[in-house]
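Colleague: A single structure is presented below for examination.
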Amino acid sequence: MILKQTDAFTRGRDYLHRVRGFALEPGMVDVFDNVRDRIPICTWIGDNINTVNAQINTYLDLCHECFHAQERRHIQIFAVPIAQSFGIDGLCNILTNPITILVDVGRVAPRDWFGVVIHEYAHAHLGDFGHNQQFASILSHLCLGLGLEPPYWEAGMEATLRSWPYCKSTIDPLEFWIGQGSRE
C-alpha cells in the first residue's frame with residue numbers, strides 16, 4: 001500500500017481508513033474514537049508502518065514457501081491496531097479478494113508476530129474461519145515446515161487451536177502503536 005501524503009499523521013490516518021475496509025467489520029479498527037491516543041497512533045503508523053508491514057510480509061512469504069506455487073492463495077497482510085473489545089491478535093478475512101490477514105502487532109511481542117501470521121495463514125490457505133481438524137492439519141504442515149511445534153489433532157481441541165502457536169499477549173497493546181511498546 002503506497003501512502004503519498006507528506007506528513008506522518010495524515011499518512012497514518014489514511015492507512016487506517018484503507019485497512020479498516022479489509023476488516024470483517026469497520027469497528028474492528030477503532031483508533032479514531034480514541035481521543036487521547038489518536039494523534040500519536042496515526043503519527044507513529046505514518047512513520048513506521050512500512051517497516052512493520054515489510055517484516056510481516058516476510059513471514060507471509062515464508063508461509064507461502066511451505067506449499068507448491070499452484071496451492072498458494074493470493075493473500076495480502078497488514079499490521080493494524082484491532083479494537084481491544086474483540087480480544088484477538090489477528091484475523092483472516094476470507095471474504096476479500098485477495099484474502100486479507102490483519103495482525104495487531106501491538107498485542108504480542110515482536111518475537112511472536114510470526115506465530116500470529118502462521119495461524120492466520122492457515123485460515124487463509126484453508127479458506128475457513130474454523131479451528132477444526134482440517135485447520136489443525138494445515139497448521140501442523142506450516143509449523144513443521146517453519147520449525148515450530150505442530151499441533152496434533154484430538155477431538156475437542158478446537159479451543160486450544162484458537163491460540164496455536166501460543167503468543168504471549170502484551171499488557172497494553174496501544175503502547176506499541178504510539179512508539180512506547182517493546183521491540184523485543
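We name chains A, B, ... following the order of the C-alpha cells; residues begin at 1 in each chain, and ligands are numbered from 1 as shown.
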Quick check for you: according to DSSP on this backbone, which residues of stretch 65-177 of chain A are classed as helix (DSSP H, G or I)? Reply as a PyMOL selection string.

Modeller: chain A and resi 69-71+84-86+110-126+133-146+158-161+173-177

Colleague: Atoms to include: N, CA and C atoms. Write the selected residues as a compact mmCIF listing (two decimals), in the first residue's frame.

Modeller:
# COMPACT_ATOMS: atom_id res chain seq x y z
N ALA A 69 3.62 -23.73 -5.61
CA ALA A 69 3.10 -22.48 -6.16
C ALA A 69 1.62 -22.58 -6.54
N GLN A 70 1.21 -23.68 -7.12
CA GLN A 70 -0.18 -23.82 -7.56
C GLN A 70 -1.16 -23.97 -6.39
N GLU A 71 -0.65 -24.25 -5.18
CA GLU A 71 -1.50 -24.38 -3.99
C GLU A 71 -1.63 -23.08 -3.21
N GLN A 84 -9.62 -3.50 21.07
CA GLN A 84 -9.38 -4.41 22.19
C GLN A 84 -10.63 -5.20 22.58
N SER A 85 -11.79 -4.67 22.29
CA SER A 85 -13.03 -5.37 22.66
C SER A 85 -13.17 -6.70 21.93
N PHE A 86 -12.47 -6.88 20.82
CA PHE A 86 -12.53 -8.15 20.09
C PHE A 86 -11.59 -9.20 20.69
N PRO A 110 7.17 -8.71 19.37
CA PRO A 110 7.65 -8.94 18.00
C PRO A 110 8.14 -10.36 17.75
N ARG A 111 8.71 -11.03 18.75
CA ARG A 111 9.18 -12.41 18.55
C ARG A 111 8.01 -13.37 18.28
N ASP A 112 6.78 -12.95 18.61
CA ASP A 112 5.60 -13.79 18.40
C ASP A 112 4.79 -13.40 17.16
N TRP A 113 5.21 -12.36 16.44
CA TRP A 113 4.47 -11.96 15.24
C TRP A 113 4.37 -13.11 14.25
N PHE A 114 5.45 -13.85 14.10
CA PHE A 114 5.49 -14.95 13.15
C PHE A 114 4.40 -15.98 13.47
N GLY A 115 4.21 -16.28 14.74
CA GLY A 115 3.19 -17.24 15.15
C GLY A 115 1.79 -16.78 14.78
N VAL A 116 1.51 -15.49 14.95
CA VAL A 116 0.20 -14.96 14.58
C VAL A 116 0.00 -15.07 13.07
N VAL A 117 1.04 -14.75 12.31
CA VAL A 117 0.95 -14.85 10.85
C VAL A 117 0.70 -16.29 10.43
N ILE A 118 1.42 -17.23 11.03
CA ILE A 118 1.24 -18.65 10.70
C ILE A 118 -0.21 -19.08 10.96
N HIS A 119 -0.74 -18.70 12.11
CA HIS A 119 -2.11 -19.07 12.47
C HIS A 119 -3.11 -18.52 11.44
N GLU A 120 -2.99 -17.23 11.14
CA GLU A 120 -3.93 -16.61 10.21
C GLU A 120 -3.72 -17.12 8.79
N TYR A 121 -2.48 -17.44 8.45
CA TYR A 121 -2.20 -18.01 7.13
C TYR A 121 -2.91 -19.36 6.97
N ALA A 122 -2.95 -20.15 8.03
CA ALA A 122 -3.64 -21.44 7.96
C ALA A 122 -5.12 -21.23 7.62
N HIS A 123 -5.74 -20.21 8.22
CA HIS A 123 -7.13 -19.88 7.88
C HIS A 123 -7.23 -19.49 6.41
N ALA A 124 -6.31 -18.65 5.97
CA ALA A 124 -6.34 -18.18 4.58
C ALA A 124 -6.16 -19.33 3.60
N HIS A 125 -5.21 -20.19 3.88
CA HIS A 125 -4.94 -21.32 2.98
C HIS A 125 -6.15 -22.25 2.90
N LEU A 126 -6.77 -22.47 4.03
CA LEU A 126 -7.93 -23.35 4.10
C LEU A 126 -9.19 -22.67 3.56
N GLN A 133 -10.43 -30.03 12.40
CA GLN A 133 -9.36 -30.97 12.05
C GLN A 133 -8.61 -30.55 10.79
N GLN A 134 -9.31 -30.01 9.80
CA GLN A 134 -8.64 -29.54 8.59
C GLN A 134 -7.69 -28.38 8.91
N PHE A 135 -8.15 -27.48 9.77
CA PHE A 135 -7.31 -26.37 10.20
C PHE A 135 -6.06 -26.90 10.91
N ALA A 136 -6.25 -27.86 11.80
CA ALA A 136 -5.13 -28.45 12.53
C ALA A 136 -4.12 -29.07 11.56
N SER A 137 -4.61 -29.70 10.52
CA SER A 137 -3.73 -30.33 9.54
C SER A 137 -2.88 -29.29 8.80
N ILE A 138 -3.50 -28.21 8.35
CA ILE A 138 -2.77 -27.14 7.65
C ILE A 138 -1.79 -26.47 8.61
N LEU A 139 -2.25 -26.20 9.82
CA LEU A 139 -1.40 -25.56 10.83
C LEU A 139 -0.20 -26.45 11.16
N SER A 140 -0.42 -27.76 11.28
CA SER A 140 0.68 -28.69 11.54
C SER A 140 1.68 -28.67 10.40
N HIS A 141 1.19 -28.67 9.18
CA HIS A 141 2.05 -28.61 7.99
C HIS A 141 2.93 -27.36 8.04
N LEU A 142 2.31 -26.21 8.32
CA LEU A 142 3.06 -24.95 8.40
C LEU A 142 4.09 -24.99 9.54
N CYS A 143 3.66 -25.43 10.71
CA CYS A 143 4.58 -25.46 11.85
C CYS A 143 5.77 -26.38 11.59
N LEU A 144 5.53 -27.54 11.03
CA LEU A 144 6.63 -28.45 10.71
C LEU A 144 7.58 -27.82 9.69
N GLY A 145 7.02 -27.18 8.68
CA GLY A 145 7.85 -26.56 7.65
C GLY A 145 8.63 -25.36 8.14
N LEU A 146 8.14 -24.72 9.20
CA LEU A 146 8.76 -23.49 9.69
C LEU A 146 9.49 -23.67 11.02
N GLU A 158 -10.51 -27.80 19.67
CA GLU A 158 -10.77 -26.56 18.94
C GLU A 158 -10.35 -25.33 19.74
N ALA A 159 -10.64 -25.30 21.02
CA ALA A 159 -10.29 -24.15 21.86
C ALA A 159 -8.77 -23.97 21.93
N THR A 160 -8.03 -25.06 21.99
CA THR A 160 -6.57 -24.99 22.01
C THR A 160 -6.04 -24.41 20.71
N LEU A 161 -6.65 -24.79 19.60
CA LEU A 161 -6.20 -24.32 18.30
C LEU A 161 -6.42 -22.83 18.10
N PRO A 173 -1.69 -3.04 24.45
CA PRO A 173 -1.41 -3.12 23.02
C PRO A 173 -1.18 -1.76 22.36
N LEU A 174 -1.80 -0.71 22.86
CA LEU A 174 -1.64 0.59 22.21
C LEU A 174 -0.27 1.21 22.46
N GLU A 175 0.45 0.75 23.49
CA GLU A 175 1.80 1.28 23.73
C GLU A 175 2.68 1.11 22.50
N PHE A 176 2.59 -0.03 21.86
CA PHE A 176 3.38 -0.26 20.66
C PHE A 176 3.03 0.76 19.58
N TRP A 177 1.74 0.99 19.41
CA TRP A 177 1.26 1.85 18.32
C TRP A 177 1.53 3.33 18.55

Colleague: Show which residues sit within 9 Å of stretch 47-58 of chain A, as a list in words. Count only C-alpha atoms, and ignore same-chain residues fewer than 6 positions away.

Modeller: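 The neighbour list is Met1, Ile2, Asp7, Ala8, Phe9, Arg11, Gly12, Tyr15, Gln76, Ile77, Phe78, Ala79, Val80, Val103, Val105, Trp113, Phe114 and Val117 of chain A.
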
Colleague: Please compute the atom CA of A:Asp33-atom CA of A:Ile45 distance, one decimal, in Å.

Modeller: 16.2 Å

Colleague: Using Å and a single decimal, report how far atom CA of A:Lys168 sits from atom CA of A:Leu95.

Modeller: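 Calculated distance between atom CA of A:Leu95 and atom CA of A:Lys168 is 28.2 Å.
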
Colleague: If DSSP is run on the backbone, what residues of chain A are strand (DSSP E)? A reply as a list of chain:residue names would be ideal.

Modeller: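 For chain A, the strand (DSSP E) set is A:Ile75, A:Gln76, A:Ile77, A:Phe78, A:Ala79, A:Gly90, A:Leu91, A:Cys92, A:Asn93, A:Ile99, A:Thr100, A:Ile101, A:Leu102, A:Val103.
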
Colleague: Write a file of the selected residues as an mmCIF file, in the first residue's frame, keeping all heavy atoms.

Modeller:
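Below is the file that was written, out.cif:
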data_model
loop_
_atom_site.group_PDB
_atom_site.id
_atom_site.type_symbol
_atom_site.label_atom_id
_atom_site.label_comp_id
_atom_site.auth_asym_id
_atom_site.auth_seq_id
_atom_site.Cartn_x
_atom_site.Cartn_y
_atom_site.Cartn_z
ATOM 1 N N ILE A 75 -2.863 -13.736 -1.111
ATOM 2 C CA ILE A 75 -3.080 -13.228 0.249
ATOM 3 C C ILE A 75 -2.312 -11.922 0.419
ATOM 4 O O ILE A 75 -1.159 -11.812 -0.004
ATOM 5 C CB ILE A 75 -2.587 -14.249 1.302
ATOM 6 C CG1 ILE A 75 -3.299 -15.591 1.135
ATOM 7 C CG2 ILE A 75 -2.770 -13.703 2.714
ATOM 8 C CD1 ILE A 75 -2.683 -16.725 1.941
ATOM 9 N N GLN A 76 -2.942 -10.961 1.068
ATOM 10 C CA GLN A 76 -2.261 -9.729 1.461
ATOM 11 C C GLN A 76 -2.310 -9.633 2.982
ATOM 12 O O GLN A 76 -3.193 -10.207 3.614
ATOM 13 C CB GLN A 76 -2.898 -8.510 0.803
ATOM 14 C CG GLN A 76 -4.350 -8.287 1.157
ATOM 15 C CD GLN A 76 -4.974 -7.139 0.376
ATOM 16 O OE1 GLN A 76 -4.315 -6.456 -0.392
ATOM 17 N NE2 GLN A 76 -6.261 -6.913 0.594
ATOM 18 N N ILE A 77 -1.339 -8.905 3.541
ATOM 19 C CA ILE A 77 -1.254 -8.823 5.001
ATOM 20 C C ILE A 77 -0.913 -7.395 5.415
ATOM 21 O O ILE A 77 -0.121 -6.721 4.742
ATOM 22 C CB ILE A 77 -0.206 -9.828 5.548
ATOM 23 C CG1 ILE A 77 -0.250 -9.918 7.066
ATOM 24 C CG2 ILE A 77 1.188 -9.504 5.039
ATOM 25 C CD1 ILE A 77 0.537 -11.082 7.641
ATOM 26 N N PHE A 78 -1.541 -6.941 6.507
ATOM 27 C CA PHE A 78 -1.306 -5.598 7.019
ATOM 28 C C PHE A 78 -1.290 -5.631 8.542
ATOM 29 O O PHE A 78 -2.065 -6.364 9.166
ATOM 30 C CB PHE A 78 -2.413 -4.626 6.581
ATOM 31 C CG PHE A 78 -2.557 -4.512 5.098
ATOM 32 C CD1 PHE A 78 -3.578 -5.170 4.440
ATOM 33 C CD2 PHE A 78 -1.664 -3.759 4.353
ATOM 34 C CE1 PHE A 78 -3.731 -5.076 3.068
ATOM 35 C CE2 PHE A 78 -1.791 -3.655 2.976
ATOM 36 C CZ PHE A 78 -2.824 -4.312 2.331
ATOM 37 N N ALA A 79 -0.454 -4.792 9.125
ATOM 38 C CA ALA A 79 -0.461 -4.576 10.573
ATOM 39 C C ALA A 79 -1.451 -3.462 10.867
ATOM 40 O O ALA A 79 -1.503 -2.460 10.139
ATOM 41 C CB ALA A 79 0.934 -4.196 11.053
ATOM 42 N N GLY A 90 -5.054 -11.256 15.644
ATOM 43 C CA GLY A 90 -5.100 -11.162 14.193
ATOM 44 C C GLY A 90 -6.389 -11.749 13.674
ATOM 45 O O GLY A 90 -7.148 -12.371 14.418
ATOM 46 N N LEU A 91 -6.617 -11.514 12.394
ATOM 47 C CA LEU A 91 -7.798 -12.082 11.762
ATOM 48 C C LEU A 91 -7.509 -12.311 10.291
ATOM 49 O O LEU A 91 -6.640 -11.690 9.698
ATOM 50 C CB LEU A 91 -9.020 -11.184 11.939
ATOM 51 C CG LEU A 91 -8.991 -9.825 11.247
ATOM 52 C CD1 LEU A 91 -9.710 -9.888 9.908
ATOM 53 C CD2 LEU A 91 -9.676 -8.801 12.139
ATOM 54 N N CYS A 92 -8.262 -13.232 9.732
ATOM 55 C CA CYS A 92 -8.160 -13.547 8.319
ATOM 56 C C CYS A 92 -9.534 -13.319 7.716
ATOM 57 O O CYS A 92 -10.502 -13.953 8.134
ATOM 58 C CB CYS A 92 -7.736 -15.000 8.129
ATOM 59 S SG CYS A 92 -7.750 -15.500 6.401
ATOM 60 N N ASN A 93 -9.607 -12.403 6.768
ATOM 61 C CA ASN A 93 -10.867 -12.149 6.090
ATOM 62 C C ASN A 93 -10.850 -12.894 4.759
ATOM 63 O O ASN A 93 -10.260 -12.428 3.780
ATOM 64 C CB ASN A 93 -11.102 -10.658 5.879
ATOM 65 C CG ASN A 93 -12.496 -10.367 5.369
ATOM 66 O OD1 ASN A 93 -13.201 -11.263 4.911
ATOM 67 N ND2 ASN A 93 -12.893 -9.106 5.454
ATOM 68 N N ILE A 99 -7.462 -12.544 -0.310
ATOM 69 C CA ILE A 99 -7.719 -12.803 1.104
ATOM 70 C C ILE A 99 -6.829 -11.855 1.912
ATOM 71 O O ILE A 99 -5.675 -11.615 1.547
ATOM 72 C CB ILE A 99 -7.411 -14.275 1.452
ATOM 73 C CG1 ILE A 99 -8.403 -15.195 0.739
ATOM 74 C CG2 ILE A 99 -7.425 -14.505 2.961
ATOM 75 C CD1 ILE A 99 -8.058 -16.671 0.837
ATOM 76 N N THR A 100 -7.357 -11.313 2.997
ATOM 77 C CA THR A 100 -6.611 -10.336 3.795
ATOM 78 C C THR A 100 -6.383 -10.842 5.205
ATOM 79 O O THR A 100 -7.314 -11.283 5.872
ATOM 80 C CB THR A 100 -7.375 -8.999 3.865
ATOM 81 O OG1 THR A 100 -7.626 -8.531 2.542
ATOM 82 C CG2 THR A 100 -6.581 -7.960 4.634
ATOM 83 N N ILE A 101 -5.133 -10.753 5.630
ATOM 84 C CA ILE A 101 -4.762 -11.029 7.016
ATOM 85 C C ILE A 101 -4.437 -9.692 7.675
ATOM 86 O O ILE A 101 -3.662 -8.903 7.129
ATOM 87 C CB ILE A 101 -3.540 -11.972 7.103
ATOM 88 C CG1 ILE A 101 -3.878 -13.351 6.536
ATOM 89 C CG2 ILE A 101 -3.038 -12.072 8.544
ATOM 90 C CD1 ILE A 101 -2.689 -14.290 6.425
ATOM 91 N N LEU A 102 -5.043 -9.448 8.824
ATOM 92 C CA LEU A 102 -4.725 -8.276 9.633
ATOM 93 C C LEU A 102 -4.118 -8.766 10.934
ATOM 94 O O LEU A 102 -4.666 -9.670 11.569
ATOM 95 C CB LEU A 102 -5.984 -7.455 9.920
ATOM 96 C CG LEU A 102 -6.731 -6.892 8.711
ATOM 97 C CD1 LEU A 102 -7.968 -6.130 9.157
ATOM 98 C CD2 LEU A 102 -5.831 -6.011 7.871
ATOM 99 N N VAL A 103 -2.993 -8.169 11.317
ATOM 100 C CA VAL A 103 -2.289 -8.570 12.529
ATOM 101 C C VAL A 103 -2.122 -7.354 13.426
ATOM 102 O O VAL A 103 -1.600 -6.324 12.989
ATOM 103 C CB VAL A 103 -0.893 -9.163 12.197
ATOM 104 C CG1 VAL A 103 -0.148 -9.530 13.468
ATOM 105 C CG2 VAL A 103 -1.014 -10.354 11.265
#

Colleague: Between atom CA of A:Ile171 and atom CA of A:Leu62, what is the distance, to one decimal in Å?

Modeller: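 Atom-to-atom, atom CA of A:Ile171 to atom CA of A:Leu62, that is 28.5 Å.
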
Colleague: Measuring between only C-alpha atoms, which one of A:Ile178, A:Ala23, A:Met28, A:Ile88 shows the shortest distance to A:Cys42?

Modeller: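 Of A:Ile178, A:Ala23, A:Met28, A:Ile88, the one nearest A:Cys42 is A:Ile178, counting only C-alpha atoms.
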
Colleague: Given only C-alpha atoms as the basis, pick out the residue of A:Arg13, A:Tyr59, A:Ala83, A:His74 nearest to A:Gly27.

Modeller: A:Ala83
